[in-house]
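Report on the following structure.
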Amino acid sequence: MDTWEFGRMVRRARDRVTPQNVGLPAGGRRRAAGLRREELAGLAGISADYLTRLEQGRATSPSAQVVEALARALRLGDAERDLLHGLAGHAAPGPDVVPSRITPSVQRLLDRLSHTPVVVYDATWTLLVANAPFDALMGETSTWRGLERNAVWRNVAGPGNRVVHTAEEQARHVAHLAADLRMTAARYPADRGIAGLVRELCAHSPRFAELWESGADPGPRPDPSKRKTIEHPAVGPITLDCDTLVVATDDVRIMVYTAEPGTEDAERLALALVLGTQSLVE
């Protein structure tokens, strides 16, 4: 790895990306127009200390996943993304690896939904990016690291999320997640990240191991546009429509949360977003 050039490239790219470019509040006086280290670290799902060591050339072996997360957070074009991978000693991700690229067209869609809770996952249900309204609704995601960023892990072996499920609904949800992950593994048999994720899930959850080994069909999938109730700690339960948009060519999932205008849920959602945005700025 060319540690010095890698760090310089990350620093130069960070300096030219403004908070507004990535949907962050400007927040107080700044010495420079670019992103702060902690802001980029949060967007990429790594620690600010690790980012500092990468920029200074003291960390010498970032994984391909970390490099891709940095490229995505910095909104690098294809050529710069490939160069960043090369400087880290990696080949750019090929067609046999689960895509984690957010294309410019998808990014434009996210920018136009900047006041609506939106989260983007890859084909393994690993969180790629969540906007500020989503964090205000569901809780801060920038501190999540490694497996914490995977929705299957959070539902099977981790802390879950703020969505309210009955025991029956949760069991059905996990079964569908396992089936979906199995289809992803079949599409990307050479992706070592999937194999590692499945090993961890099976080790921590006998139920998931049973689902994975059986290969059982969990039955009809729920309506992709369905109602979800979120238990918000400040405003109470909010029932919202959750639409999942699959971008087939990029193999990413975009989840959008909305409320019917004029309802109590719409008022609670608006309050949750105001409270959450204030806490993020502070």
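Starting from 1 in every chain, residues are counted up; chains themselves are A, B, ... following the order of the structure tokens, and ligands are numbered from 1 as listed.
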Report task. Using DSSP on the backbone, list every residue of region 207-269 of chain A that comes out as alpha helix (DSSP H), and give them as a PyMOL selection string. Result -> chain A and resi 207-214+264-269
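Ranking A:Ala151, A:Ala132, A:Pro159, A:Pro104 by their shortest atom-to-atom distance to Gln20 (chain A), with only C-alpha atoms included, puts A:Ala132 first.
Shortest separation to Ala33 (chain A) among A:His173, A:Arg53, A:Arg253, A:Arg12 occurs at residue A:Arg12, atoms counted being only C-alpha atoms.
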Query raised in the report: What does the distance between CA of Gly236 (chain A) and CA of Gly139 (chain A) come to in Å, to one decimal place?
Result: 13.5 Å
Requested in this report: Using only C-alpha atoms, determine which residues lie at most 8 Å from Val174 (chain A), disregarding the query and same-chain residues fewer than 5 positions distant; provide the list as a PyMOL selection string.
Outcome: chain A and resi 152+155-156+208
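Taking region 127-214 of chain A and asking which residues DSSP calls strand (DSSP E or B) on the backbone, you get Leu127, Leu128, Val129, Ala130, Asn150 and Val163 of chain A.
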Could you turn the residues from that selection into a file that holds N, CA and C atoms, as a PDB file, in the first residue's frame?
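Output (again.pdb):
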```
ATOM      1  N   LEU A 127     -25.787  -1.585   5.732  1.00  0.00           N
ATOM      2  CA  LEU A 127     -26.113  -0.177   5.546  1.00  0.00           C
ATOM      3  C   LEU A 127     -24.995   0.528   4.787  1.00  0.00           C
ATOM      4  N   LEU A 128     -25.361   1.195   3.697  1.00  0.00           N
ATOM      5  CA  LEU A 128     -24.398   1.987   2.934  1.00  0.00           C
ATOM      6  C   LEU A 128     -24.448   3.445   3.336  1.00  0.00           C
ATOM      7  N   VAL A 129     -25.631   3.999   3.395  1.00  0.00           N
ATOM      8  CA  VAL A 129     -25.780   5.406   3.793  1.00  0.00           C
ATOM      9  C   VAL A 129     -27.183   5.620   4.352  1.00  0.00           C
ATOM     10  N   ALA A 130     -27.250   6.453   5.371  1.00  0.00           N
ATOM     11  CA  ALA A 130     -28.531   6.869   5.946  1.00  0.00           C
ATOM     12  C   ALA A 130     -28.501   8.388   6.051  1.00  0.00           C
ATOM     13  N   ASN A 150     -25.088  -4.233   9.591  1.00  0.00           N
ATOM     14  CA  ASN A 150     -25.861  -5.198   8.818  1.00  0.00           C
ATOM     15  C   ASN A 150     -27.217  -5.450   9.471  1.00  0.00           C
ATOM     16  N   VAL A 163     -38.161  -0.466  15.216  1.00  0.00           N
ATOM     17  CA  VAL A 163     -39.402  -0.978  14.629  1.00  0.00           C
ATOM     18  C   VAL A 163     -40.033  -1.980  15.580  1.00  0.00           C
TER      19      VAL A 163
END
```
Requested in this report: Find the residues around Gln107 (chain A) up to 12 Å (only C-alpha atoms counted), leave out those fewer than 2 positions away in its own chain, and share them as a PyMOL selection string.
Outcome: chain A and resi 21-23+72-76+101-105+109-114+118-120+128-131+247+252+254
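Of the residues listed (A:Gly219, A:Gly193, A:Gly7, A:Gly160), A:Gly193 shows the shortest atom-to-atom separation from Ser100 (chain A); distances use only C-alpha atoms.
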At a cut-off of 7 Å, using only C-alpha atoms, what residues contact region 262-276 of chain A? Leave out same-chain residues fewer than 6 positions from it and give the result as an mmCIF file with N, CA, C and O atoms, in the first residue's frame.
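Resulting contents of part.cif:
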```cif
data_model
loop_
_atom_site.group_PDB
_atom_site.id
_atom_site.type_symbol
_atom_site.label_atom_id
_atom_site.label_comp_id
_atom_site.auth_asym_id
_atom_site.auth_seq_id
_atom_site.Cartn_x
_atom_site.Cartn_y
_atom_site.Cartn_z
ATOM 1 N N PRO A 133 -32.546 12.692 8.421
ATOM 2 C CA PRO A 133 -33.893 12.365 8.902
ATOM 3 C C PRO A 133 -34.036 10.911 9.348
ATOM 4 O O PRO A 133 -34.748 10.615 10.307
ATOM 5 N N ALA A 136 -32.571 10.683 12.709
ATOM 6 C CA ALA A 136 -33.460 11.327 13.675
ATOM 7 C C ALA A 136 -34.618 10.407 14.045
ATOM 8 O O ALA A 136 -35.072 10.390 15.197
ATOM 9 N N LEU A 137 -35.083 9.618 13.088
ATOM 10 C CA LEU A 137 -36.199 8.704 13.330
ATOM 11 C C LEU A 137 -35.754 7.433 14.036
ATOM 12 O O LEU A 137 -36.376 6.986 15.003
ATOM 13 N N VAL A 235 -41.052 10.994 21.093
ATOM 14 C CA VAL A 235 -42.420 11.341 20.675
ATOM 15 C C VAL A 235 -43.368 10.157 20.701
ATOM 16 O O VAL A 235 -44.553 10.312 20.402
ATOM 17 N N ILE A 238 -44.812 5.918 16.116
ATOM 18 C CA ILE A 238 -45.127 6.573 14.841
ATOM 19 C C ILE A 238 -45.340 5.467 13.811
ATOM 20 O O ILE A 238 -44.445 4.667 13.567
ATOM 21 N N THR A 239 -46.520 5.421 13.222
ATOM 22 C CA THR A 239 -46.814 4.415 12.203
ATOM 23 C C THR A 239 -46.656 5.047 10.826
ATOM 24 O O THR A 239 -47.306 6.042 10.504
#
```
**Report entry** Residue among A:Ala185, A:Ile230, A:Ala216, A:Ala179 lying closest to His165 (chain A), counting only C-alpha atoms
**Finding:** A:Ile230
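For the pair CA of Met255 (chain A) and CA of Glu210 (chain A), the separation is 28.1 Å.
Between CA of Ser63 (chain A) and CA of Leu84 (chain A) the interatomic distance comes to 11.7 Å.
The environment of Trp144 (chain A) within 10 Å, counting only C-alpha atoms and disregarding residues fewer than 5 places along the same chain, consists of Gly42, Ala44, Gly45, Ile46, Ser47, Leu127, Arg149 and Asn150 of chain A.
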Write a file of the selected residues as a short mmCIF file (atom, residue, chain, number, x, y, z; two decimals), in the first residue's frame, keeping C-alpha atoms.
```
data_model
loop_
_atom_site.label_atom_id
_atom_site.label_comp_id
_atom_site.auth_asym_id
_atom_site.auth_seq_id
_atom_site.Cartn_x
_atom_site.Cartn_y
_atom_site.Cartn_z
CA GLY A 42 -19.22 8.88 10.53
CA ALA A 44 -17.85 5.92 6.18
CA GLY A 45 -18.65 3.95 9.35
CA ILE A 46 -15.13 4.06 10.78
CA SER A 47 -13.63 5.77 13.82
CA LEU A 127 -26.11 -0.18 5.55
CA ARG A 149 -24.21 -2.03 10.08
CA ASN A 150 -25.86 -5.20 8.82
#
```
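Restricting the calculation to only C-alpha atoms, the smallest distance between Leu51 (chain A) and any of A:Val66, A:Ala88, A:Leu177, A:Ala209 is found for A:Val66.
Nearest-residue note for Thr166 (chain A): choosing from A:Arg207, A:Pro93, A:Lys228, A:Cys202, the minimum distance belongs to A:Lys228, counting only C-alpha atoms.
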